[in-house]
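Chemist: Got entry37.pdb for you, PDB, C-alpha atoms and all ligand atoms:
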ATOM      1  CA  MET A1355      14.625  28.422   0.836
ATOM      2  CA  SER A1356      14.220  27.540  -2.843
ATOM      3  CA  LYS A1357      13.214  24.029  -3.876
ATOM      4  CA  GLU A1358      16.738  23.385  -5.208
ATOM      5  CA  GLU A1359      18.334  24.499  -1.914
ATOM      6  CA  LEU A1360      15.917  22.353   0.026
ATOM      7  CA  ILE A1361      16.744  19.275  -2.056
ATOM      8  CA  LYS A1362      20.479  19.963  -1.770
ATOM      9  CA  LYS A1363      20.227  20.160   2.029
ATOM     10  CA  ILE A1364      18.173  16.974   2.229
ATOM     11  CA  LEU A1365      20.683  15.094   0.076
ATOM     12  CA  GLU A1366      23.657  16.310   2.138
ATOM     13  CA  LEU A1367      21.991  15.375   5.392
ATOM     14  CA  LYS A1368      20.856  12.036   4.010
ATOM     15  CA  GLU A1369      24.478  11.211   3.131
ATOM     16  CA  ARG A1370      25.789  12.325   6.509
ATOM     17  CA  ARG A1371      23.205  10.321   8.426
ATOM     18  CA  LYS A1372      23.514   7.201   6.231
ATOM     19  CA  ALA A1373      19.808   7.482   5.559
ATOM     20  CA  ILE A1374      17.619   6.127   2.805
ATOM     21  CA  ILE A1375      14.380   7.707   1.569
ATOM     22  CA  LEU A1376      11.565   5.329   0.599
ATOM     23  CA  ALA A1377       8.395   6.607  -1.068
ATOM     24  CA  HIS A1378       5.095   4.968  -1.939
ATOM     25  CA  ASN A1379       3.809   5.246  -5.507
ATOM     26  CA  TYR A1380       0.999   7.645  -4.406
ATOM     27  CA  GLN A1381       3.330  10.269  -2.893
ATOM     28  CA  PRO A1382       3.505  13.797  -4.382
ATOM     29  CA  PRO A1383       5.798  13.985  -7.455
ATOM     30  CA  GLU A1384       8.591  15.946  -5.714
ATOM     31  CA  ILE A1385       8.770  13.283  -2.984
ATOM     32  CA  GLN A1386       8.848  10.453  -5.515
ATOM     33  CA  ASP A1387      11.618  12.261  -7.413
ATOM     34  CA  LEU A1388      13.620  12.690  -4.220
ATOM     35  CA  ALA A1389      13.294   9.083  -3.026
ATOM     36  CA  ASP A1390      16.059   6.510  -3.364
ATOM     37  CA  LEU A1391      13.453   3.826  -3.839
ATOM     38  CA  ARG A1392       9.777   3.923  -4.561
ATOM     39  CA  GLY A1393       7.273   1.131  -4.869
ATOM     40  CA  ASP A1394       4.121  -0.599  -3.685
ATOM     41  CA  SER A1395       3.653  -1.877  -0.132
ATOM     42  CA  LEU A1396       5.314  -5.222  -0.853
ATOM     43  CA  GLU A1397       8.362  -3.752  -2.577
ATOM     44  CA  LEU A1398       8.791  -1.197   0.187
ATOM     45  CA  SER A1399       8.652  -3.859   2.931
ATOM     46  CA  LEU A1400      11.204  -5.939   1.046
ATOM     47  CA  LYS A1401      13.454  -2.941   0.512
ATOM     48  CA  ALA A1402      13.157  -1.918   4.159
ATOM     49  CA  SER A1403      14.172  -5.427   5.236
ATOM     50  CA  LYS A1404      17.267  -5.429   3.016
ATOM     51  CA  THR A1405      18.736  -1.925   3.238
ATOM     52  CA  ASP A1406      21.931  -1.372   5.225
ATOM     53  CA  ALA A1407      21.123   2.304   5.845
ATOM     54  CA  GLU A1408      21.051   3.422   9.479
ATOM     55  CA  VAL A1409      17.982   5.621   9.103
ATOM     56  CA  ILE A1410      14.886   4.998   6.979
ATOM     57  CA  VAL A1411      12.827   8.068   6.094
ATOM     58  CA  PHE A1412       9.499   6.599   5.064
ATOM     59  CA  CYS A1413       7.314   8.770   2.857
ATOM     60  CA  GLY A1414       3.980   7.023   2.871
ATOM     61  CA  VAL A1415       1.337   6.348   5.489
ATOM     62  CA  PHE A1416       1.962   5.207   9.045
ATOM     63  CA  PHE A1417       1.380   1.454   8.620
ATOM     64  CA  MET A1418       4.070   1.375   5.919
ATOM     65  CA  ALA A1419       6.653   3.053   8.163
ATOM     66  CA  GLU A1420       5.567   0.783  11.009
ATOM     67  CA  THR A1421       6.116  -2.269   8.788
ATOM     68  CA  ALA A1422       9.630  -0.985   8.040
ATOM     69  CA  LYS A1423      10.271  -0.766  11.799
ATOM     70  CA  ILE A1424       8.839  -4.249  12.341
ATOM     71  CA  VAL A1425      11.331  -5.753   9.865
ATOM     72  CA  SER A1426      14.265  -3.483  10.786
ATOM     73  CA  PRO A1427      14.142  -2.917  14.568
ATOM     74  CA  GLN A1428      17.802  -1.910  14.784
ATOM     75  CA  LYS A1429      17.263   0.998  12.369
ATOM     76  CA  LYS A1430      15.754   4.369  13.112
ATOM     77  CA  VAL A1431      12.540   4.723  11.100
ATOM     78  CA  LEU A1432      11.135   8.214  10.590
ATOM     79  CA  ILE A1433       7.833   9.308   9.080
ATOM     80  CA  PRO A1434       8.030  13.012   8.196
ATOM     81  CA  VAL A1435       4.352  13.723   9.070
ATOM     82  CA  ALA A1436       3.050  11.873  12.119
ATOM     83  CA  GLY A1437      -0.620  12.187  11.159
ATOM     84  CA  ALA A1438      -0.347  10.486   7.756
ATOM     85  CA  CYS A1439      -2.577   7.489   8.488
ATOM     86  CA  CYS A1440      -4.396   4.919   6.381
ATOM     87  CA  ASP A1441      -8.144   5.210   6.990
ATOM     88  CA  MET A1442      -8.637   1.501   6.314
ATOM     89  CA  ALA A1443      -5.961   0.466   8.829
ATOM     90  CA  ASN A1444      -7.732   2.573  11.468
ATOM     91  CA  MET A1445     -11.027   0.704  10.922
ATOM     92  CA  LEU A1446      -9.876  -2.539  12.551
ATOM     93  CA  SER A1447      -9.098  -2.807  16.276
ATOM     94  CA  PRO A1448      -7.184  -5.628  17.998
ATOM     95  CA  GLU A1449     -10.373  -6.361  19.994
ATOM     96  CA  GLU A1450     -12.266  -7.060  16.770
ATOM     97  CA  VAL A1451      -9.535  -9.494  15.637
ATOM     98  CA  MET A1452      -9.805 -11.307  18.985
ATOM     99  CA  ARG A1453     -13.585 -11.440  18.611
ATOM    100  CA  LEU A1454     -13.257 -13.017  15.150
ATOM    101  CA  ARG A1455     -10.662 -15.484  16.430
ATOM    102  CA  ASP A1456     -13.074 -16.512  19.198
ATOM    103  CA  GLU A1457     -15.941 -16.833  16.740
ATOM    104  CA  TYR A1458     -13.896 -18.956  14.287
ATOM    105  CA  PRO A1459     -11.433 -20.947  16.395
ATOM    106  CA  GLY A1460      -8.515 -22.435  14.462
ATOM    107  CA  VAL A1461      -9.242 -20.501  11.246
ATOM    108  CA  PRO A1462      -6.036 -18.842   9.959
ATOM    109  CA  VAL A1463      -6.035 -15.041   9.926
ATOM    110  CA  ILE A1464      -4.489 -13.339   6.877
ATOM    111  CA  THR A1465      -4.068  -9.613   7.429
ATOM    112  CA  TYR A1466      -3.482  -7.006   4.760
ATOM    113  CA  VAL A1467      -0.423  -4.878   5.602
ATOM    114  CA  ASN A1468      -2.804  -1.878   5.695
ATOM    115  CA  SER A1469      -3.315  -2.537   9.410
ATOM    116  CA  THR A1470      -1.795  -1.538  12.745
ATOM    117  CA  ALA A1471       1.139  -3.387  14.343
ATOM    118  CA  GLU A1472      -1.210  -4.623  17.118
ATOM    119  CA  VAL A1473      -3.516  -6.170  14.537
ATOM    120  CA  LYS A1474      -0.582  -7.749  12.664
ATOM    121  CA  ALA A1475       0.629  -9.187  15.971
ATOM    122  CA  LEU A1476      -2.659 -11.087  16.301
ATOM    123  CA  SER A1477      -2.474 -12.486  12.745
ATOM    124  CA  ASP A1478      -1.000 -15.666  11.298
ATOM    125  CA  VAL A1479       0.375 -14.027   8.177
ATOM    126  CA  CYS A1480       0.305 -10.692   6.364
ATOM    127  CA  CYS A1481      -0.331 -10.031   2.691
ATOM    128  CA  THR A1482      -0.268  -7.056   0.341
ATOM    129  CA  SER A1483      -2.386  -6.334  -2.704
ATOM    130  CA  ALA A1484       0.433  -7.817  -4.823
ATOM    131  CA  ASN A1485       0.520 -11.215  -3.105
ATOM    132  CA  ALA A1486      -2.858 -11.751  -1.366
ATOM    133  CA  VAL A1487      -3.947 -14.480  -3.823
ATOM    134  CA  LYS A1488      -0.646 -16.322  -3.440
ATOM    135  CA  VAL A1489      -0.648 -16.046   0.361
ATOM    136  CA  ALA A1490      -4.209 -17.411   0.608
ATOM    137  CA  GLY A1491      -3.234 -20.264  -1.745
ATOM    138  CA  ASN A1492      -0.534 -21.272   0.701
ATOM    139  CA  PHE A1493      -3.139 -22.540   3.179
ATOM    140  CA  SER A1494      -4.882 -25.871   2.745
ATOM    141  CA  ASP A1495      -7.609 -24.851   5.228
ATOM    142  CA  LYS A1496     -11.168 -24.714   3.923
ATOM    143  CA  ARG A1497     -11.864 -21.473   5.778
ATOM    144  CA  LEU A1498      -9.685 -18.375   6.010
ATOM    145  CA  ILE A1499     -10.209 -15.022   7.697
ATOM    146  CA  MET A1500      -9.006 -12.014   5.682
ATOM    147  CA  LEU A1501      -8.718  -8.607   7.328
ATOM    148  CA  PRO A1502      -9.398  -5.702   7.174
ATOM    149  CA  ASP A1503     -10.344  -5.087   3.513
ATOM    150  CA  MET A1504     -13.594  -6.733   2.433
ATOM    151  CA  ASN A1505     -12.933  -5.887  -1.209
ATOM    152  CA  LEU A1506      -9.518  -7.556  -1.246
ATOM    153  CA  ALA A1507     -11.028 -10.569   0.562
ATOM    154  CA  ARG A1508     -13.824 -10.867  -2.006
ATOM    155  CA  TYR A1509     -11.299 -10.536  -4.827
ATOM    156  CA  VAL A1510      -9.213 -13.390  -3.374
ATOM    157  CA  GLN A1511     -12.392 -15.478  -2.936
ATOM    158  CA  ARG A1512     -12.769 -15.565  -6.754
ATOM    159  CA  PHE A1513      -9.597 -17.674  -7.009
ATOM    160  CA  TYR A1514     -10.642 -20.233  -4.405
ATOM    161  CA  PRO A1515     -14.272 -21.270  -4.950
ATOM    162  CA  ASP A1516     -13.755 -24.282  -2.658
ATOM    163  CA  LYS A1517     -12.719 -22.114   0.269
ATOM    164  CA  GLU A1518     -14.799 -19.808   2.434
ATOM    165  CA  ILE A1519     -13.131 -16.448   2.987
ATOM    166  CA  ILE A1520     -14.519 -14.774   6.076
ATOM    167  CA  TYR A1521     -13.974 -11.045   6.104
ATOM    168  CA  PHE A1522     -14.325  -7.915   8.195
ATOM    169  CA  LYS A1523     -16.223  -5.069   6.572
ATOM    170  CA  GLY A1524     -13.317  -2.641   6.289
ATOM    171  CA  PHE A1525     -12.541  -0.793   3.074
ATOM    172  CA  CYS A1526     -10.480   2.004   1.588
ATOM    173  CA  PRO A1527     -12.774   5.044   1.547
ATOM    174  CA  PHE A1528     -11.250   6.200  -1.745
ATOM    175  CA  HIS A1529     -11.114   2.963  -3.751
ATOM    176  CA  HIS A1530     -14.552   1.949  -2.486
ATOM    177  CA  LEU A1531     -16.045   5.136  -3.965
ATOM    178  CA  LEU A1532     -15.257   4.137  -7.536
ATOM    179  CA  THR A1533     -18.490   2.911  -9.135
ATOM    180  CA  PRO A1534     -19.214   0.805 -12.231
ATOM    181  CA  GLU A1535     -20.891   3.918 -13.699
ATOM    182  CA  ASP A1536     -17.634   5.885 -13.395
ATOM    183  CA  VAL A1537     -15.784   3.090 -15.167
ATOM    184  CA  LEU A1538     -18.406   2.623 -17.888
ATOM    185  CA  ARG A1539     -18.365   6.370 -18.587
ATOM    186  CA  ALA A1540     -14.573   6.330 -18.936
ATOM    187  CA  LYS A1541     -14.753   3.240 -21.152
ATOM    188  CA  ALA A1542     -17.335   4.951 -23.399
ATOM    189  CA  GLU A1543     -15.063   8.001 -23.695
ATOM    190  CA  HIS A1544     -11.956   5.876 -24.350
ATOM    191  CA  PRO A1545     -13.118   2.695 -26.067
ATOM    192  CA  GLN A1546      -9.572   1.573 -26.923
ATOM    193  CA  ALA A1547      -8.349   1.814 -23.350
ATOM    194  CA  VAL A1548      -7.523  -1.154 -21.102
ATOM    195  CA  PHE A1549      -9.044  -0.864 -17.613
ATOM    196  CA  ILE A1550      -6.775  -1.832 -14.694
ATOM    197  CA  ALA A1551      -8.306  -1.905 -11.206
ATOM    198  CA  HIS A1552      -6.710  -2.093  -7.772
ATOM    199  CA  PRO A1553      -8.082  -5.026  -5.695
ATOM    200  CA  GLU A1554      -9.322  -2.513  -3.095
ATOM    201  CA  CYS A1555     -12.089  -1.586  -5.569
ATOM    202  CA  ARG A1556     -15.581  -2.983  -5.033
ATOM    203  CA  PRO A1557     -16.523  -6.279  -6.785
ATOM    204  CA  GLU A1558     -18.781  -4.609  -9.400
ATOM    205  CA  VAL A1559     -15.763  -2.556 -10.496
ATOM    206  CA  ILE A1560     -13.455  -5.588 -10.504
ATOM    207  CA  ASP A1561     -15.986  -7.292 -12.830
ATOM    208  CA  LEU A1562     -15.272  -4.597 -15.419
ATOM    209  CA  ALA A1563     -11.476  -4.815 -15.174
ATOM    210  CA  ASP A1564      -9.204  -6.218 -17.862
ATOM    211  CA  TYR A1565      -6.467  -6.537 -15.233
ATOM    212  CA  VAL A1566      -6.355  -6.298 -11.440
ATOM    213  CA  ALA A1567      -3.026  -5.245  -9.935
ATOM    214  CA  SER A1568      -1.169  -3.544  -7.090
ATOM    215  CA  THR A1569       0.211  -0.079  -7.790
ATOM    216  CA  SER A1570       3.581  -1.415  -8.967
ATOM    217  CA  GLY A1571       1.776  -4.148 -10.903
ATOM    218  CA  MET A1572      -0.039  -1.355 -12.747
ATOM    219  CA  LEU A1573       3.269   0.328 -13.561
ATOM    220  CA  ARG A1574       4.620  -2.926 -14.977
ATOM    221  CA  LEU A1575       1.488  -3.588 -17.044
ATOM    222  CA  ALA A1576       1.519  -0.050 -18.459
ATOM    223  CA  LYS A1577       5.100  -0.530 -19.584
ATOM    224  CA  GLU A1578       4.817  -4.072 -20.878
ATOM    225  CA  LEU A1579       1.400  -4.281 -22.526
ATOM    226  CA  PRO A1580       1.290  -3.282 -26.200
ATOM    227  CA  HIS A1581      -1.786  -1.070 -25.584
ATOM    228  CA  GLU A1582      -1.503   2.717 -25.882
ATOM    229  CA  GLU A1583      -4.354   3.808 -23.583
ATOM    230  CA  PHE A1584      -5.262   2.864 -20.008
ATOM    231  CA  ILE A1585      -8.024   3.681 -17.545
ATOM    232  CA  ILE A1586      -6.524   3.555 -14.070
ATOM    233  CA  GLY A1587      -8.668   2.432 -11.134
ATOM    234  CA  THR A1588      -6.560   3.488  -8.182
ATOM    235  CA  GLU A1589      -5.564   6.573  -6.200
ATOM    236  CA  ILE A1590      -4.839   9.538  -8.468
ATOM    237  CA  GLY A1591      -1.181   9.833  -7.369
ATOM    238  CA  LEU A1592      -0.253   6.827  -9.513
ATOM    239  CA  LEU A1593      -0.695   8.892 -12.690
ATOM    240  CA  TYR A1594       2.661  10.581 -12.080
ATOM    241  CA  PRO A1595       4.852   7.426 -12.044
ATOM    242  CA  LEU A1596       2.745   6.015 -14.888
ATOM    243  CA  SER A1597       3.577   9.035 -17.039
ATOM    244  CA  GLN A1598       7.249   8.411 -16.255
ATOM    245  CA  VAL A1599       7.416   4.685 -16.996
ATOM    246  CA  ALA A1600       5.403   4.986 -20.214
ATOM    247  CA  PRO A1601       5.706   8.608 -21.385
ATOM    248  CA  ASN A1602       4.207   7.937 -24.807
ATOM    249  CA  LYS A1603       1.070   6.223 -23.537
ATOM    250  CA  LYS A1604      -2.191   7.810 -22.388
ATOM    251  CA  PHE A1605      -3.624   7.331 -18.899
ATOM    252  CA  TYR A1606      -7.160   8.304 -17.916
ATOM    253  CA  HIS A1607      -8.653   8.411 -14.442
ATOM    254  CA  PRO A1608     -12.361   7.530 -14.110
ATOM    255  CA  ALA A1609     -13.021   9.587 -10.924
ATOM    256  CA  PRO A1610     -10.083  11.820  -9.944
ATOM    257  CA  GLU A1611     -12.076  13.875  -7.442
ATOM    258  CA  LYS A1612     -13.150  10.759  -5.483
ATOM    259  CA  MET A1613      -9.891   8.843  -5.434
ATOM    260  CA  LEU A1614      -7.508  11.152  -3.646
ATOM    261  CA  CYS A1615      -6.084   9.907  -0.358
ATOM    262  CA  PRO A1616      -5.295  13.079   1.694
ATOM    263  CA  SER A1617      -2.907  11.205   3.997
ATOM    264  CA  MET A1618      -0.732  10.313   1.018
ATOM    265  CA  LYS A1619      -0.357  14.010   0.108
ATOM    266  CA  LYS A1620       0.744  15.369   3.489
ATOM    267  CA  ILE A1621       4.519  15.017   3.207
ATOM    268  CA  ARG A1622       6.382  17.971   1.674
ATOM    269  CA  LEU A1623      10.101  18.491   1.058
ATOM    270  CA  GLU A1624      10.266  20.690   4.187
ATOM    271  CA  ASP A1625       8.944  17.777   6.255
ATOM    272  CA  VAL A1626      11.629  15.440   4.896
ATOM    273  CA  LEU A1627      14.323  17.954   5.838
ATOM    274  CA  ASN A1628      12.801  18.376   9.279
ATOM    275  CA  ALA A1629      12.713  14.578   9.712
ATOM    276  CA  LEU A1630      16.436  14.306   8.999
ATOM    277  CA  GLU A1631      17.357  17.350  11.096
ATOM    278  CA  ARG A1632      15.310  16.549  14.189
ATOM    279  CA  ASP A1633      14.568  12.834  13.985
ATOM    280  CA  GLU A1634      10.885  13.605  13.601
ATOM    281  CA  PHE A1635       8.797  11.547  13.824
ATOM    282  CA  GLU A1636      10.340   8.350  15.059
ATOM    283  CA  VAL A1637       8.250   5.214  14.658
ATOM    284  CA  ILE A1638       8.295   3.128  17.823
ATOM    285  CA  VAL A1639       6.752  -0.333  18.091
ATOM    286  CA  PRO A1640       6.780  -1.971  21.541
ATOM    287  CA  GLU A1641       9.052  -5.030  21.335
ATOM    288  CA  GLU A1642       6.462  -7.610  22.471
ATOM    289  CA  ILE A1643       4.113  -6.433  19.681
ATOM    290  CA  ARG A1644       6.910  -6.126  17.149
ATOM    291  CA  ILE A1645       8.112  -9.699  17.647
ATOM    292  CA  LYS A1646       4.629 -11.116  17.019
ATOM    293  CA  ALA A1647       3.907  -8.770  14.101
ATOM    294  CA  TYR A1648       7.293  -9.701  12.625
ATOM    295  CA  GLN A1649       6.317 -13.381  12.551
ATOM    296  CA  ALA A1650       3.277 -12.503  10.403
ATOM    297  CA  VAL A1651       5.293 -10.272   8.051
ATOM    298  CA  LYS A1652       8.172 -12.778   7.869
ATOM    299  CA  ARG A1653       5.795 -15.582   6.949
ATOM    300  CA  MET A1654       4.489 -13.403   4.091
ATOM    301  CA  LEU A1655       8.027 -12.634   2.887
ATOM    302  CA  GLU A1656       8.805 -16.371   2.892
ATOM    303  CA  ILE A1657       5.792 -17.116   0.674
ATOM    304  CA  VAL A1658       6.438 -14.450  -2.008
TER     305      VAL A1658
HETATM  306  P1  LIG B1701      -0.146  -1.060  -3.044
HETATM  307  O1  LIG B1701       0.454  -2.081  -2.149
HETATM  308  O2  LIG B1701      -0.779  -1.638  -4.266
HETATM  309  O3  LIG B1701       0.843   0.012  -3.380
HETATM  310  O4  LIG B1701      -1.375  -0.392  -2.284
HETATM  311  C1  LIG B1701      -1.265   0.292  -1.092
HETATM  312  C2  LIG B1701      -2.456   1.088  -0.824
HETATM  313  O5  LIG B1701      -2.548   1.713   0.188
HETATM  314  C3  LIG B1701      -3.518   1.088  -1.807
HETATM  315  O6  LIG B1701      -4.485   2.006  -1.468
HETATM  316 FE1  LIG B1702      -5.216   3.555   2.991
HETATM  317 FE2  LIG B1702      -6.867   3.922   0.939
HETATM  318 FE3  LIG B1702      -5.045   5.761   1.459
HETATM  319 FE4  LIG B1702      -4.324   3.342   0.475
HETATM  320  S1  LIG B1702      -5.527   4.941  -0.557
HETATM  321  S2  LIG B1702      -3.345   4.454   2.153
HETATM  322  S3  LIG B1702      -5.828   2.034   1.491
HETATM  323  S4  LIG B1702      -6.756   5.154   2.794
END
Can you dump the structure from the file as structure tokens?
Ligand code: 13P
Ligand code: SF4
Modeler:
Amino acid sequence: MSKEELIKKILELKERRKAIILAHNYQPPEIQDLADLRGDSLELSLKASKTDAEVIVFCGVFFMAETAKIVSPQKKVLIPVAGACCDMANMLSPEEVMRLRDEYPGVPVITYVNSTAEVKALSDVCCTSANAVKVAGNFSDKRLIMLPDMNLARYVQRFYPDKEIIYFKGFCPFHHLLTPEDVLRAKAEHPQAVFIAHPECRPEVIDLADYVASTSGMLRLAKELPHEEFIIGTEIGLLYPLSQVAPNKKFYHPAPEKMLCPSMKKIRLEDVLNALERDEFEVIVPEEIRIKAYQAVKRMLEIV
């Protein structure tokens, strides 16, 4: 089947099934072009909670589709490739959260959405890279636990010197690989460029950033700032939407070979068609876990 035929079939089936296609900003270009809505983790959770579609086809990684199911239990949520998982989310087990809760009784637990439903269910509130600082600021407690990304936790710590942010040593294997040397090399090659880093980058990289933002925050900055050139410190897939929102600007990546998340590249058009034809793969969250995880996600959505 040609690409055009494939897209035509997907669109027909999508209409018939009252489905909506959501895609994360790192997805392959043809998936982003196909999607009804694309965005960062926060935007996608908000969109999933508001859509009146009957089926959500989630093109992203598993925790994102799971979050859609957590907020929309009455809808069918499909992820076209079952094995598209976030390596950071897989680093933190529910047992480890319980251990931290025992070690620090009464300390609120703020969990990045890049986590499993079981881990969310054991948390007080969720956050995304776009709202982590705001969510942490909502607590008057002197100590907070932030899971599972140590880099995001250390970034948030900068805003609250009077608080102690306790963290688990999880990280994104791709953002964590970006080094200050990579950034300094790119800055030397492009001295006019503004450097924007994702908060999943290590602190030494954040120190070099002109701006720190979520993926959609980066898209907004690229469009709104008067600058012509940008060095982009996040997963390589963001270069495609950047080139669309600001086609006359220049975007450079400091380490393209290191910052490629294979799970974000697994979904192809054929998989989206298969998802709509066969209901593959349906995301199921046991109700007792979903209810607790929903409280944590809902609390986040009330803060932002
Ligand atoms: P955003 O919420 O900024 O899109 O980030 C999600 C993610 O997985 C970053 O690696
Ligand atoms: Fe997870 Fe990193 Fe991939 Fe984002 S880029 S989905 S944090 S592994």
Chemist: Can you work out which residues are within 7 Å of ligand LIG 1701 (chain B), considering all atoms listed in the file, and then hand them over as a list in words?
Modeler: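 Sorted by chain and then by number, the residues are His1378, Asn1379, Gly1393, Asp1394, Ser1395, Leu1396, Asn1468, Thr1482, Ser1483, Ala1484, Cys1526, His1552, Glu1554, Ser1568, Thr1569, Ser1570 and Glu1589 of chain A.
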Chemist: How big is the axis-aligned box around the listed atoms of ligand LIG 1702 (chain B) once 6 Å is added on each side, and where is its centre? Give both in Å to one decimal, as AutoDock Vina command-line options.
Modeler:
--center_x -5.1 --center_y 3.9 --center_z 1.2 --size_x 15.5 --size_y 15.7 --size_z 15.5
Chemist: Could you tell me, counting all atoms listed in the file, which protein and nucleic acid residues lie no more than 9 Å from ligand LIG 1702 (chain B), written as a PyMOL selection string?
Modeler: chain A and resi 1380+1414-1418+1438-1444+1468+1503+1525-1530+1554+1588-1589+1613-1618
Chemist: Compare A:Ile1464, A:Ala1540, A:Leu1655, A:Leu1579 by their minimum atom-to-atom distance to Pro1610 in chain A, counting all atoms listed in the file, and give me the closest one.
Modeler: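 That would be A:Ala1540, the residue with the smallest distance to Pro1610 in chain A.
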Chemist: Which residue gives the smallest distance to Ser1399 in chain A among A:Gln1546, A:Ser1426, A:Gln1511, A:Thr1465, with all atoms listed in the file counted?
Modeler: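 Going through A:Gln1546, A:Ser1426, A:Gln1511, A:Thr1465 one by one, the smallest distance to Ser1399 in chain A is for A:Ser1426.
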Chemist: Excluding range 1536-1538 of chain A and any residue of its chain fewer than 3 positions from it, enumerate the residues within 7 Å of it, using all atoms listed in the file, and give them as a VMD selection string.
Modeler: chain A and resid 1532 to 1533 1541 to 1542 1608 to 1609
Chemist: Pick the closest to Val1651 in chain A from A:Leu1562, A:Leu1573, A:Met1504, A:Cys1481: which is it, counting only C-alpha atoms?
Modeler: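 Going through A:Leu1562, A:Leu1573, A:Met1504, A:Cys1481 one by one, the smallest distance to Val1651 in chain A is for A:Cys1481.
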Chemist: Please provide as a list in words all residues within 12 Å of Gln1649 in chain A, with the sequence filter that same-chain residues fewer than 4 positions apart are discarded (counting all atoms listed in the file).
Modeler: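 Selected residues are Thr1421, Ile1424, Val1425, Ala1471, Lys1474, Ala1475, Leu1476, Ser1477, Asp1478, Val1479, Cys1480, Glu1642, Ile1643, Arg1644, Ile1645, Arg1653, Met1654, Leu1655 and Glu1656 of chain A.
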Chemist: If we count all atoms listed in the file, what is near Glu1631 in chain A at a cut-off of 12 Å, once residues fewer than 6 positions away on the same chain are taken out, given as a VMD selection string?
Modeler: chain A and resid 1363 to 1368 1370 to 1371 1373 1409 1411 1432 1434 1624 to 1625
Chemist: What is the CA of Ile1361 in chain A to CA of Glu1634 in chain A distance in Å?
Modeler: 17.7 Å
Chemist: Figure out the distance between CA of Pro1515 in chain A and CA of Ile1550 in chain A, please, to one decimal in Å.
Modeler: 23.0 Å
Chemist: Please evaluate the PyMOL selection byres (((chain A and resi 1599) around 9) and not hetatm) against the structure above and give the resulting residues as a list of chain:residue names.
Modeler: A:Leu1573, A:Arg1574, A:Ala1576, A:Lys1577, A:Pro1595, A:Leu1596, A:Ser1597, A:Gln1598, A:Ala1600, A:Pro1601
Chemist: So that I have them on file, write out the residues from the current selection with C-alpha atoms, as a PDB file, keeping the file's coordinate frame.
Modeler:
ATOM      1  CA  LEU A1573       3.269   0.328 -13.561  1.00  0.00           C
ATOM      2  CA  ARG A1574       4.620  -2.926 -14.977  1.00  0.00           C
ATOM      3  CA  ALA A1576       1.519  -0.050 -18.459  1.00  0.00           C
ATOM      4  CA  LYS A1577       5.100  -0.530 -19.584  1.00  0.00           C
ATOM      5  CA  PRO A1595       4.852   7.426 -12.044  1.00  0.00           C
ATOM      6  CA  LEU A1596       2.745   6.015 -14.888  1.00  0.00           C
ATOM      7  CA  SER A1597       3.577   9.035 -17.039  1.00  0.00           C
ATOM      8  CA  GLN A1598       7.249   8.411 -16.255  1.00  0.00           C
ATOM      9  CA  ALA A1600       5.403   4.986 -20.214  1.00  0.00           C
ATOM     10  CA  PRO A1601       5.706   8.608 -21.385  1.00  0.00           C
TER      11      PRO A1601
END
Chemist: Interatomic distance between CA of Gly1491 in chain A and CA of Tyr1514 in chain A?
Modeler: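 Straight-line distance from CA of Gly1491 in chain A to CA of Tyr1514 in chain A works out to 7.9 Å.
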Chemist: Fewer than 6 positions away in the same chain doesn't count, so skip those; otherwise give me all residues within 7 Å of Glu1408 in chain A, counting all atoms listed in the file, as a list in words.
Modeler: Lys1372, Ala1373, Lys1429 and Lys1430 of chain A
Chemist: Find the residue from A:Ala1490, A:Val1626, A:Val1467, A:Ala1647 that sits nearest to Ile1385 in chain A; use all atoms listed in the file when measuring.
Modeler: A:Val1626
Chemist: Quick one: which residues end up in the PyMOL selection byres (((chain A and resi 1581) around 9) and not hetatm) for this structure, as an MDAnalysis selection string?
Modeler: chainID A and resid 1546:1548 1576 1578:1580 1582:1584 1603
Chemist: Using all atoms listed in the file, which residue out of A:Glu1518, A:Glu1450, A:Glu1543, A:Glu1535 lies closest to Pro1502 in chain A?
Modeler: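 Of all the options, A:Glu1450 lies closest to Pro1502 in chain A.
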Chemist: Could N, CA and C atoms be built for range 1504-1510 of chain A and written out as a short mmCIF file (atom, residue, chain, number, x, y, z; two decimals), in the frame of the given file?
Modeler:
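In the end it all went to result-v2.cif:
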data_model
loop_
_atom_site.label_atom_id
_atom_site.label_comp_id
_atom_site.auth_asym_id
_atom_site.auth_seq_id
_atom_site.Cartn_x
_atom_site.Cartn_y
_atom_site.Cartn_z
N MET A 1504 -12.60 -5.80 2.98
CA MET A 1504 -13.59 -6.73 2.43
C MET A 1504 -13.47 -6.85 0.91
N ASN A 1505 -13.03 -5.80 0.25
CA ASN A 1505 -12.93 -5.89 -1.21
C ASN A 1505 -11.78 -6.79 -1.63
N LEU A 1506 -10.65 -6.67 -0.94
CA LEU A 1506 -9.52 -7.56 -1.25
C LEU A 1506 -9.91 -9.01 -0.94
N ALA A 1507 -10.61 -9.21 0.18
CA ALA A 1507 -11.03 -10.57 0.56
C ALA A 1507 -11.95 -11.16 -0.51
N ARG A 1508 -12.88 -10.36 -1.00
CA ARG A 1508 -13.82 -10.87 -2.01
C ARG A 1508 -13.13 -11.08 -3.35
N TYR A 1509 -12.09 -10.31 -3.61
CA TYR A 1509 -11.30 -10.54 -4.83
C TYR A 1509 -10.57 -11.89 -4.72
N VAL A 1510 -9.95 -12.13 -3.58
CA VAL A 1510 -9.21 -13.39 -3.37
C VAL A 1510 -10.18 -14.58 -3.45
#
